[in-house]
$ cat target.pdb   # PDB, C-alpha atoms
MODEL        1
ATOM      1  CA  MET B   4      -9.737  -7.480 -15.153
ATOM      2  CA  TYR B   5      -9.393  -8.866 -11.644
ATOM      3  CA  ILE B   6      -8.136 -12.282 -10.643
ATOM      4  CA  ILE B   7     -10.210 -13.534  -7.710
ATOM      5  CA  PHE B   8      -8.733 -16.185  -5.409
ATOM      6  CA  THR B   9     -11.039 -18.067  -3.042
ATOM      7  CA  CYS B  10      -9.215 -18.700   0.253
ATOM      8  CA  PRO B  11      -8.260 -20.873   1.967
ATOM      9  CA  PRO B  12      -5.965 -22.133   0.596
ATOM     10  CA  LEU B  13      -3.838 -19.058   0.089
ATOM     11  CA  PRO B  14      -1.698 -18.565  -3.024
ATOM     12  CA  HIS B  15       1.979 -19.220  -2.374
ATOM     13  CA  LEU B  16       5.276 -17.997  -3.755
ATOM     14  CA  ILE B  17       7.384 -20.267  -5.943
ATOM     15  CA  VAL B  18      10.368 -18.076  -6.812
ATOM     16  CA  GLY B  19      11.286 -14.436  -7.337
ATOM     17  CA  GLY B  20      13.721 -12.975  -9.835
ATOM     18  CA  LYS B  21      15.069  -9.887 -11.536
ATOM     19  CA  SER B  22      15.692  -9.295 -15.236
ATOM     20  CA  LEU B  23      17.853  -6.730 -16.996
ATOM     21  CA  TYR B  24      16.993  -6.216 -20.686
ATOM     22  CA  ARG B  25      19.045  -4.315 -23.229
ATOM     23  CA  VAL B  26      17.755  -2.311 -26.179
ATOM     24  CA  GLY B  27      16.546  -4.898 -28.702
ATOM     25  CA  ASP B  28      15.741  -7.635 -26.182
ATOM     26  CA  LEU B  29      12.322  -9.298 -26.382
ATOM     27  CA  HIS B  30      10.360 -11.078 -23.658
ATOM     28  CA  LEU B  31      10.018 -14.778 -24.412
ATOM     29  CA  ARG B  32       6.876 -16.451 -25.761
ATOM     30  CA  ARG B  33       5.335 -19.145 -23.556
ATOM     31  CA  ILE B  34       2.357 -20.709 -21.809
ATOM     32  CA  MET B  35       2.790 -21.492 -18.110
ATOM     33  CA  PRO B  36       0.421 -24.402 -17.338
ATOM     34  CA  SER B  37      -0.282 -23.720 -13.663
ATOM     35  CA  THR B  38       1.835 -20.739 -12.619
ATOM     36  CA  PHE B  39       1.068 -17.034 -12.326
ATOM     37  CA  ASP B  40       3.770 -14.566 -13.330
ATOM     38  CA  LEU B  41       3.805 -11.137 -11.655
ATOM     39  CA  ILE B  42       5.984  -8.550 -13.412
ATOM     40  CA  PHE B  43       6.925  -5.183 -11.886
ATOM     41  CA  VAL B  44       8.950  -2.717 -13.990
ATOM     42  CA  THR B  45      11.440  -0.432 -12.218
ATOM     43  CA  ALA B  46      13.095   1.186 -15.268
ATOM     44  CA  GLY B  47      12.499   1.412 -19.009
ATOM     45  CA  LYS B  48       9.538  -0.113 -20.855
ATOM     46  CA  LEU B  49       8.451  -3.680 -21.433
ATOM     47  CA  TYR B  50       6.117  -4.581 -24.292
ATOM     48  CA  LEU B  51       3.915  -7.573 -23.471
ATOM     49  CA  GLU B  52       0.897  -9.231 -25.006
ATOM     50  CA  GLU B  53      -1.432 -11.562 -23.106
ATOM     51  CA  ASN B  54      -4.780 -12.943 -24.234
ATOM     52  CA  SER B  55      -4.668 -10.654 -27.326
ATOM     53  CA  GLN B  56      -4.286  -7.616 -25.041
ATOM     54  CA  LYS B  57      -1.155  -5.508 -25.500
ATOM     55  CA  TYR B  58       0.516  -3.709 -22.599
ATOM     56  CA  ILE B  59       3.324  -1.171 -22.401
ATOM     57  CA  LEU B  60       4.688  -1.539 -18.883
ATOM     58  CA  LYS B  61       6.526   1.569 -17.708
ATOM     59  CA  LYS B  62       8.334   2.303 -14.469
ATOM     60  CA  GLY B  63       6.046   1.678 -11.500
ATOM     61  CA  GLU B  64       3.587  -0.515 -13.424
ATOM     62  CA  PHE B  65       2.812  -4.185 -12.880
ATOM     63  CA  LEU B  66       1.104  -6.984 -14.791
ATOM     64  CA  ILE B  67      -0.038 -10.447 -13.714
ATOM     65  CA  LEU B  68       0.153 -13.116 -16.417
ATOM     66  CA  PRO B  69      -2.300 -15.941 -15.580
ATOM     67  CA  PRO B  70      -1.586 -19.624 -16.243
ATOM     68  CA  ASN B  71      -2.679 -21.512 -19.376
ATOM     69  CA  ARG B  72      -2.655 -18.371 -21.511
ATOM     70  CA  LEU B  73      -0.131 -17.450 -24.164
ATOM     71  CA  HIS B  74       1.947 -14.406 -23.298
ATOM     72  CA  LYS B  75       4.837 -12.914 -25.248
ATOM     73  CA  GLY B  76       6.818  -9.800 -25.976
ATOM     74  CA  TYR B  77       5.290  -8.137 -29.036
ATOM     75  CA  LYS B  78       8.009  -5.509 -29.428
ATOM     76  CA  CYS B  79      11.676  -5.321 -28.520
ATOM     77  CA  CYS B  80      12.766  -2.994 -25.745
ATOM     78  CA  ASP B  81      13.701   0.412 -27.112
ATOM     79  CA  GLU B  82      15.552   1.371 -23.917
ATOM     80  CA  ALA B  83      17.334  -0.437 -21.104
ATOM     81  CA  THR B  84      14.638  -2.084 -18.998
ATOM     82  CA  ASP B  85      14.767  -3.537 -15.479
ATOM     83  CA  PHE B  86      11.974  -5.509 -13.888
ATOM     84  CA  PHE B  87      11.279  -7.827 -10.999
ATOM     85  CA  TRP B  88       9.152 -10.919 -11.453
ATOM     86  CA  LEU B  89       7.803 -13.636  -9.252
ATOM     87  CA  HIS B  90       6.034 -16.915  -9.955
ATOM     88  CA  PHE B  91       3.243 -18.015  -7.678
ATOM     89  CA  TYR B  92       0.736 -20.816  -7.519
ATOM     90  CA  THR B  93      -2.522 -21.796  -5.869
ATOM     91  CA  THR B  94      -4.073 -25.174  -5.191
ATOM     92  CA  GLY B  95      -7.416 -23.461  -4.667
ATOM     93  CA  LYS B  96     -10.018 -21.968  -6.969
ATOM     94  CA  PHE B  97      -9.656 -18.728  -8.872
ATOM     95  CA  LYS B  98     -11.674 -16.875 -11.491
ATOM     96  CA  TYR B  99     -11.627 -13.719 -13.582
ATOM     97  CA  MET B 100     -14.042 -10.831 -13.020
ATOM     98  CA  ASP B 101     -14.472  -7.238 -14.145
ATOM     99  CA  LYS B 102     -14.943  -6.055 -10.550
ATOM    100  CA  PRO B 103     -13.163  -6.996  -7.327
ATOM    101  CA  ILE B 104     -14.770  -8.810  -4.416
ATOM    102  CA  TYR B 105     -14.196  -7.226  -1.032
ATOM    103  CA  ASP B 106     -15.154  -9.243   2.028
ATOM    104  CA  LYS B 107     -15.913  -7.277   5.169
ATOM    105  CA  ASN B 108     -13.910  -8.170   8.248
ATOM    106  CA  HIS B 109     -16.891  -8.787  10.504
ATOM    107  CA  LYS B 110     -16.702  -8.712  14.268
ATOM    108  CA  GLN B 111     -15.848 -12.137  15.649
ATOM    109  CA  LYS B 112     -18.800 -14.145  16.962
ATOM    110  CA  ALA B 113     -18.788 -16.865  19.589
ATOM    111  CA  ASN B 114     -20.039 -19.540  17.168
ATOM    112  CA  TYR B 115     -17.202 -18.927  14.699
ATOM    113  CA  GLN B 116     -14.147 -19.246  16.934
ATOM    114  CA  PHE B 117     -13.185 -22.635  15.515
ATOM    115  CA  THR B 118     -13.997 -22.259  11.819
ATOM    116  CA  LYS B 119     -13.013 -19.777   9.130
ATOM    117  CA  GLU B 120     -15.442 -18.673   6.466
ATOM    118  CA  PRO B 121     -13.989 -18.570   2.925
ATOM    119  CA  PHE B 122     -12.802 -15.143   1.801
ATOM    120  CA  HIS B 123     -11.461 -13.667  -1.417
ATOM    121  CA  ILE B 124      -8.263 -12.016  -2.597
ATOM    122  CA  SER B 125      -8.919  -9.692  -5.546
ATOM    123  CA  LEU B 126      -5.812  -8.815  -7.550
ATOM    124  CA  PRO B 127      -5.963  -6.284 -10.394
ATOM    125  CA  GLN B 128      -4.221  -7.796 -13.390
ATOM    126  CA  HIS B 129      -2.607  -4.515 -14.398
ATOM    127  CA  GLY B 130      -1.986  -1.196 -12.707
ATOM    128  CA  SER B 131       0.474   1.416 -11.494
ATOM    129  CA  LEU B 132       1.873   2.100  -8.046
ATOM    130  CA  THR B 133       2.503   5.277  -6.099
ATOM    131  CA  SER B 134       6.094   6.243  -5.297
ATOM    132  CA  GLU B 135       5.726   4.848  -1.782
ATOM    133  CA  GLN B 136       4.216   1.600  -3.071
ATOM    134  CA  GLN B 137       6.982   1.282  -5.665
ATOM    135  CA  SER B 138       9.598   1.606  -2.959
ATOM    136  CA  GLN B 139       7.890  -1.029  -0.810
ATOM    137  CA  MET B 140       7.385  -3.381  -3.735
ATOM    138  CA  ALA B 141      11.013  -3.122  -4.848
ATOM    139  CA  GLU B 142      12.245  -3.754  -1.306
ATOM    140  CA  TYR B 143      10.068  -6.840  -0.853
ATOM    141  CA  MET B 144      10.795  -8.305  -4.283
ATOM    142  CA  ASN B 145      14.524  -7.659  -4.053
ATOM    143  CA  THR B 146      14.648  -9.626  -0.795
ATOM    144  CA  ILE B 147      13.133 -12.749  -2.377
ATOM    145  CA  VAL B 148      15.168 -12.668  -5.610
ATOM    146  CA  GLN B 149      16.789 -16.042  -6.309
ATOM    147  CA  VAL B 150      17.184 -15.788 -10.080
ATOM    148  CA  LYS B 151      18.852 -12.994 -12.021
ATOM    149  CA  ILE B 152      18.586 -12.717 -15.796
ATOM    150  CA  ASP B 153      21.068 -10.249 -17.250
ATOM    151  CA  LYS B 154      20.888 -10.181 -21.033
ATOM    152  CA  THR B 155      24.522  -9.038 -21.197
ATOM    153  CA  LYS B 156      25.495 -12.444 -19.778
ATOM    154  CA  PRO B 157      25.162 -15.846 -21.471
ATOM    155  CA  LYS B 158      23.207 -17.574 -18.697
ATOM    156  CA  LYS B 159      21.016 -17.029 -15.657
ATOM    157  CA  ASP B 160      22.433 -16.598 -12.179
ATOM    158  CA  PHE B 161      20.885 -18.595  -9.336
ATOM    159  CA  TYR B 162      21.166 -17.651  -5.672
ATOM    160  CA  SER B 163      20.309 -19.191  -2.328
ATOM    161  CA  SER B 164      17.536 -17.397  -0.477
ATOM    162  CA  THR B 165      18.702 -14.818   2.067
ATOM    163  CA  VAL B 166      15.536 -15.348   4.138
ATOM    164  CA  SER B 167      13.611 -18.338   5.417
ATOM    165  CA  GLN B 168      10.757 -20.003   3.543
ATOM    166  CA  LEU B 169       8.286 -18.508   6.009
ATOM    167  CA  LYS B 170       9.729 -15.009   5.607
ATOM    168  CA  SER B 171       9.590 -15.354   1.816
ATOM    169  CA  GLN B 172       5.890 -16.191   1.998
ATOM    170  CA  GLN B 173       5.305 -13.279   4.385
ATOM    171  CA  LEU B 174       6.941 -10.899   1.918
ATOM    172  CA  PHE B 175       4.851 -12.407  -0.875
ATOM    173  CA  PHE B 176       1.653 -11.687   1.068
ATOM    174  CA  SER B 177       2.887  -8.127   1.686
ATOM    175  CA  ILE B 178       3.223  -7.750  -2.082
ATOM    176  CA  LEU B 179      -0.304  -9.075  -2.621
ATOM    177  CA  SER B 180      -1.546  -6.645   0.034
ATOM    178  CA  ILE B 181      -0.065  -3.712  -1.887
ATOM    179  CA  LEU B 182      -1.834  -4.822  -5.064
ATOM    180  CA  CYS B 183      -5.133  -5.435  -3.263
ATOM    181  CA  ASP B 184      -5.122  -1.919  -1.795
ATOM    182  CA  ILE B 185      -4.726  -0.132  -5.129
ATOM    183  CA  HIS B 186      -8.417  -0.045  -5.999
ATOM    184  CA  GLU B 187      -9.902  -0.791  -2.590
ATOM    185  CA  PRO B 188     -13.133   1.230  -2.390
ATOM    186  CA  ASN B 189     -13.048   1.378   1.417
ATOM    187  CA  THR B 190      -9.616   3.013   1.549
ATOM    188  CA  LYS B 191     -11.009   6.512   1.154
ATOM    189  CA  ASN B 192     -13.881   5.880   3.560
ATOM    190  CA  VAL B 193     -11.638   4.449   6.259
ATOM    191  CA  ALA B 194      -9.278   7.424   6.047
ATOM    192  CA  GLU B 195     -12.161   9.878   6.184
ATOM    193  CA  LYS B 196     -13.662   8.100   9.193
ATOM    194  CA  ILE B 197     -10.344   8.303  10.992
ATOM    195  CA  TYR B 198     -10.145  12.015  10.170
ATOM    196  CA  GLU B 199     -13.678  12.593  11.480
ATOM    197  CA  HIS B 200     -12.829  10.653  14.629
ATOM    198  CA  PHE B 201      -9.735  12.774  15.254
ATOM    199  CA  PHE B 202     -11.661  15.974  14.471
ATOM    200  CA  LEU B 203     -14.250  15.131  17.144
ATOM    201  CA  PHE B 204     -11.953  13.563  19.742
ATOM    202  CA  TYR B 205      -8.655  15.365  19.174
ATOM    203  CA  THR B 206      -8.064  15.772  22.920
ATOM    204  CA  GLU B 207      -7.977  11.998  23.445
ATOM    205  CA  SER B 208      -4.680  10.112  23.561
ATOM    206  CA  PHE B 209      -3.541   8.524  20.322
ATOM    207  CA  ASP B 210      -4.211   4.763  20.408
ATOM    208  CA  LEU B 211      -3.718   2.904  17.137
ATOM    209  CA  LYS B 212      -4.891  -0.396  18.602
ATOM    210  CA  LYS B 213      -8.130   1.209  19.761
ATOM    211  CA  LEU B 214      -8.703   2.588  16.253
ATOM    212  CA  SER B 215      -7.948  -0.855  14.808
ATOM    213  CA  ASP B 216     -10.507  -2.486  17.084
ATOM    214  CA  GLU B 217     -13.137   0.184  16.489
ATOM    215  CA  TYR B 218     -12.932   0.140  12.694
ATOM    216  CA  ALA B 219     -12.104  -3.591  12.345
ATOM    217  CA  PHE B 220      -8.959  -3.047  10.264
ATOM    218  CA  HIS B 221      -5.374  -4.062  10.892
ATOM    219  CA  PRO B 222      -3.201  -1.158  12.150
ATOM    220  CA  THR B 223      -0.970  -1.420   9.073
ATOM    221  CA  HIS B 224      -4.009  -1.070   6.819
ATOM    222  CA  ILE B 225      -5.204   2.000   8.721
ATOM    223  CA  ILE B 226      -1.776   3.614   8.425
ATOM    224  CA  ARG B 227      -1.666   2.883   4.679
ATOM    225  CA  CYS B 228      -5.193   4.237   4.085
ATOM    226  CA  VAL B 229      -4.575   7.477   5.949
ATOM    227  CA  LYS B 230      -1.221   8.001   4.210
ATOM    228  CA  ASN B 231      -2.769   7.385   0.787
ATOM    229  CA  LYS B 232      -5.510   9.927   1.483
ATOM    230  CA  TYR B 233      -3.710  12.653   3.450
ATOM    231  CA  GLY B 234      -0.004  11.987   2.982
ATOM    232  CA  LEU B 235       0.409  11.687   6.764
ATOM    233  CA  SER B 236       0.511   8.894   9.303
ATOM    234  CA  PRO B 237      -2.506   8.727  11.664
ATOM    235  CA  LEU B 238      -0.469  10.275  14.491
ATOM    236  CA  GLN B 239       0.752  13.068  12.215
ATOM    237  CA  LEU B 240      -2.822  13.694  11.072
ATOM    238  CA  LEU B 241      -3.988  13.985  14.692
ATOM    239  CA  LEU B 242      -1.157  16.408  15.459
ATOM    240  CA  HIS B 243      -2.099  18.579  12.477
ATOM    241  CA  ILE B 244      -5.727  18.706  13.636
ATOM    242  CA  ARG B 245      -4.647  19.606  17.165
ATOM    243  CA  ILE B 246      -2.394  22.368  15.874
ATOM    244  CA  GLN B 247      -5.208  23.733  13.699
ATOM    245  CA  LYS B 248      -7.453  23.857  16.775
ATOM    246  CA  ALA B 249      -4.634  25.528  18.699
ATOM    247  CA  LYS B 250      -4.309  28.216  16.016
ATOM    248  CA  GLU B 251      -7.995  29.008  16.438
ATOM    249  CA  LEU B 252      -7.649  29.333  20.219
ATOM    250  CA  LEU B 253      -4.550  31.495  19.872
ATOM    251  CA  THR B 254      -6.413  33.779  17.481
ATOM    252  CA  TYR B 255      -9.793  34.084  19.173
ATOM    253  CA  THR B 256      -9.136  33.583  22.933
ATOM    254  CA  ASN B 257      -6.855  34.945  25.621
ATOM    255  CA  PHE B 258      -5.947  31.484  26.909
ATOM    256  CA  SER B 259      -2.367  31.104  28.106
ATOM    257  CA  ILE B 260      -0.085  29.000  25.916
ATOM    258  CA  ASN B 261      -0.204  26.241  28.516
ATOM    259  CA  LYS B 262      -4.009  26.274  28.597
ATOM    260  CA  VAL B 263      -4.153  26.174  24.786
ATOM    261  CA  ALA B 264      -1.851  23.154  24.805
ATOM    262  CA  ILE B 265      -4.004  21.322  27.352
ATOM    263  CA  SER B 266      -7.225  22.292  25.537
ATOM    264  CA  VAL B 267      -6.112  20.600  22.312
ATOM    265  CA  GLY B 268      -4.757  17.432  23.901
ATOM    266  CA  PHE B 269      -1.116  18.140  24.765
ATOM    267  CA  ASP B 270       0.047  17.252  28.286
ATOM    268  CA  ASP B 271       3.513  18.710  27.744
ATOM    269  CA  ASN B 272       3.745  22.409  26.930
ATOM    270  CA  ALA B 273       7.290  22.055  25.528
ATOM    271  CA  TYR B 274       6.190  19.236  23.209
ATOM    272  CA  PHE B 275       3.223  21.362  22.085
ATOM    273  CA  THR B 276       5.509  24.275  21.247
ATOM    274  CA  LYS B 277       7.899  21.999  19.375
ATOM    275  CA  GLN B 278       5.129  20.454  17.256
ATOM    276  CA  PHE B 279       3.493  23.834  16.651
ATOM    277  CA  LYS B 280       6.745  25.321  15.378
ATOM    278  CA  ARG B 281       7.439  22.250  13.211
ATOM    279  CA  ILE B 282       4.032  22.411  11.521
ATOM    280  CA  VAL B 283       3.331  26.156  11.441
ATOM    281  CA  GLY B 284       6.892  27.434  11.190
ATOM    282  CA  THR B 285       6.781  29.687  14.217
ATOM    283  CA  THR B 286       6.123  29.454  17.958
ATOM    284  CA  PRO B 287       2.610  29.765  19.450
ATOM    285  CA  THR B 288       3.555  33.102  21.037
ATOM    286  CA  ASN B 289       4.815  34.578  17.784
ATOM    287  CA  TYR B 290       1.799  33.207  15.916
ATOM    288  CA  ARG B 291      -0.561  34.967  18.365
ATOM    289  CA  LYS B 292       1.354  38.238  18.006
ATOM    290  CA  GLN B 293       1.154  37.996  14.214
ATOM    291  CA  GLN B 294      -2.596  37.399  14.355
ATOM    292  CA  GLN B 295      -3.041  40.424  16.619
ATOM    293  CA  ILE B 296      -1.110  42.585  14.150
ATOM    294  CA  ASN B 297      -3.242  41.338  11.284
ATOM    295  CA  LYS B 298      -6.408  42.364  13.149
ATOM    296  CA  ILE B 299      -5.240  45.968  13.407
TER     297      ILE B 299
ENDMDL
END
$ encode --input "target.pdb" --output "structure tokens"
Amino acid sequence: MYIIFTCPPLPHLIVGGKSLYRVGDLHLRRIMPSTFDLIFVTAGKLYLEENSQKYILKKGEFLILPPNRLHKGYKCCDEATDFFWLHFYTTGKFKYMDKPIYDKNHKQKANYQFTKEPFHISLPQHGSLTSEQQSQMAEYMNTIVQVKIDKTKPKKDFYSSTVSQLKSQQLFFSILSILCDIHEPNTKNVAEKIYEHFFLFYTESFDLKKLSDEYAFHPTHIIRCVKNKYGLSPLQLLLHIRIQKAKELLTYTNFSINKVAISVGFDDNAYFTKQFKRIVGTTPTNYRKQQQINKI
């Protein structure tokens, strides 16, 4: 299930917290009239039931508990369990759907410079995060923690925020962005388009802003998409493509090392050699010699 928010207005953070459960502890039973509860488990397992659906939340998994629905722990923790949680709220409309809504970020038109068309935020109710996403999520949520529930202690601990209200909301939107990207259908396509662009224009200078303008996505989104697909940043991906092209020239031409470097987009021969050795494990000269030996 997806929770679809129509914006504006944007959802906003109320408070973030962290809970430490012992073996035998059970999540409380309640209905929150107007507040969403996002839970993210970092260790152990949490057993939750919401709307007659049972979940076993393991490390790296999250669950959003919507308002006006009964949720409860249906089984006690059978191991020490740590999880972050945050409560958020919206004054706007939201609905539940089986599929997400993704609004295209159209090119700005002259007639729409003073108005903003409504758009949607589609949050999966339940899912798991990659290692990188887990690290980001934990960092963001830890920064906005103001309540700590440690079941070994008799009462909750309350803290003053270490960041401003604006920064807290910014971190909250970063968290929502992570969740939105999990099942984004365009993520793969964007990454592949960037790869194809680099493959065709690998001699051009790297310009993230130019890519952002051309594909109508924020630079951070482009970086995230490419990393999710290829495990590399856009710049690293371009360097790998350039080095692959360089390997072909070293194998099948008699170009000097300097000419090979220039041919694949490197202005600095020393930088080319450094990157080649880092990626391939040997220098361009030694790589060419090895290829010549293999041909014999």
$ resolve_selection --input "target.pdb" --expression "the PyMOL selection byres ((chain B and resi 287) around 9)" --output "ChimeraX atom specification"
/B:249-250,253,260,275-276,279-280,283,285-286,288-292
$ resolve_selection --input "target.pdb" --expression "the PyMOL selection byres ((chain B and resi 203) around 12)" --output "list in words"
Lys196, Ile197, Tyr198, Glu199, His200, Phe201, Phe202, Phe204, Tyr205, Thr206, Glu207, Leu241, Ile244, Arg245, Lys248, Val267 and Gly268 of chain B
$ residues_around --input "target.pdb" --residues "Gly20 (chain B)" --least-positions-apart "2" --cutoff "10 Å" --atoms "all atoms listed in the file" --output "MDAnalysis selection string"
chainID B and resid 18 22 42 86:90 144:152 160:162
$ resolve_selection --input "target.pdb" --expression "the PyMOL selection byres ((chain B and resi 122-135) around 6)" --output "PyMOL selection string"
chain B and resi 4-10+63-67+103+121+136-138+183
$ residues_around --input "target.pdb" --residues "Arg32 (chain B)" --least-positions-apart "6" --cutoff "8 Å" --atoms "only C-alpha atoms" --output "list of chain:residue names"
B:Leu73, B:His74, B:Lys75, B:Gly76
$ atom_distance --input "target.pdb" --atom1 "CA of Pro70 (chain B)" --atom2 "CA of Lys170 (chain B)"
25.0 Å
$ closest_residue --input "target.pdb" --among "B:Asp184, B:Gly19, B:His243, B:Ile178" --to "Tyr105 (chain B)" --atoms "all atoms listed in the file"
B:Asp184
$ closest_residue --input "target.pdb" --among "B:Asn71, B:Gln293, B:Ser215, B:Asn272" --to "Pro36 (chain B)" --atoms "only C-alpha atoms"
B:Asn71
$ atom_distance --input "target.pdb" --atom1 "CA of Phe175 (chain B)" --atom2 "CA of Leu60 (chain B)"
21.0 Å
$ build_atoms --input "target.pdb" --residues "region 39-57 of chain B" --atoms "N, CA, C and O atoms" --output "CSV table (one decimal), in the frame of the given file"
chain,number,residue,atom,x,y,z
B,39,PHE,N,1.3,-18.5,-12.1
B,39,PHE,CA,1.1,-17.0,-12.3
B,39,PHE,C,2.4,-16.4,-12.4
B,39,PHE,O,3.4,-16.7,-11.6
B,40,ASP,N,2.5,-15.3,-13.2
B,40,ASP,CA,3.8,-14.6,-13.3
B,40,ASP,C,3.5,-13.1,-13.1
B,40,ASP,O,2.7,-12.5,-13.8
B,41,LEU,N,4.0,-12.5,-12.0
B,41,LEU,CA,3.8,-11.1,-11.7
B,41,LEU,C,5.0,-10.4,-12.1
B,41,LEU,O,6.2,-10.7,-11.7
B,42,ILE,N,4.9,-9.4,-12.9
B,42,ILE,CA,6.0,-8.6,-13.4
B,42,ILE,C,5.8,-7.1,-12.9
B,42,ILE,O,4.7,-6.5,-13.0
B,43,PHE,N,6.9,-6.5,-12.4
B,43,PHE,CA,6.9,-5.2,-11.9
B,43,PHE,C,8.1,-4.5,-12.5
B,43,PHE,O,9.3,-4.8,-12.2
B,44,VAL,N,7.9,-3.4,-13.3
B,44,VAL,CA,9.0,-2.7,-14.0
B,44,VAL,C,9.5,-1.6,-13.1
B,44,VAL,O,8.7,-0.8,-12.6
B,45,THR,N,10.8,-1.5,-13.0
B,45,THR,CA,11.4,-0.4,-12.2
B,45,THR,C,12.2,0.6,-13.1
B,45,THR,O,12.6,1.6,-12.6
B,46,ALA,N,12.4,0.2,-14.4
B,46,ALA,CA,13.1,1.2,-15.3
B,46,ALA,C,12.8,0.8,-16.7
B,46,ALA,O,12.7,-0.4,-17.0
B,47,GLY,N,12.7,1.7,-17.6
B,47,GLY,CA,12.5,1.4,-19.0
B,47,GLY,C,11.1,1.1,-19.3
B,47,GLY,O,10.1,1.4,-18.6
B,48,LYS,N,10.9,0.3,-20.4
B,48,LYS,CA,9.5,-0.1,-20.9
B,48,LYS,C,9.6,-1.5,-21.4
B,48,LYS,O,10.5,-1.9,-22.1
B,49,LEU,N,8.6,-2.3,-21.0
B,49,LEU,CA,8.5,-3.7,-21.4
B,49,LEU,C,7.2,-3.8,-22.2
B,49,LEU,O,6.1,-3.5,-21.8
B,50,TYR,N,7.3,-4.4,-23.4
B,50,TYR,CA,6.1,-4.6,-24.3
B,50,TYR,C,5.6,-6.0,-24.2
B,50,TYR,O,6.3,-6.9,-24.7
B,51,LEU,N,4.4,-6.2,-23.7
B,51,LEU,CA,3.9,-7.6,-23.5
B,51,LEU,C,2.5,-7.7,-24.0
B,51,LEU,O,1.7,-6.8,-24.0
B,52,GLU,N,2.2,-8.9,-24.5
B,52,GLU,CA,0.9,-9.2,-25.0
B,52,GLU,C,0.4,-10.5,-24.3
B,52,GLU,O,1.1,-11.5,-24.2
B,53,GLU,N,-0.8,-10.4,-23.8
B,53,GLU,CA,-1.4,-11.6,-23.1
B,53,GLU,C,-2.9,-11.6,-23.4
B,53,GLU,O,-3.6,-10.6,-23.3
B,54,ASN,N,-3.4,-12.8,-23.9
B,54,ASN,CA,-4.8,-12.9,-24.2
B,54,ASN,C,-5.2,-11.9,-25.2
B,54,ASN,O,-6.3,-11.3,-25.1
B,55,SER,N,-4.4,-11.6,-26.2
B,55,SER,CA,-4.7,-10.7,-27.3
B,55,SER,C,-4.7,-9.2,-26.8
B,55,SER,O,-5.0,-8.3,-27.6
B,56,GLN,N,-4.3,-9.0,-25.6
B,56,GLN,CA,-4.3,-7.6,-25.0
B,56,GLN,C,-2.8,-7.2,-25.0
B,56,GLN,O,-2.0,-7.9,-24.4
B,57,LYS,N,-2.5,-6.0,-25.5
B,57,LYS,CA,-1.2,-5.5,-25.5
B,57,LYS,C,-1.0,-4.5,-24.4
B,57,LYS,O,-1.8,-3.7,-24.1
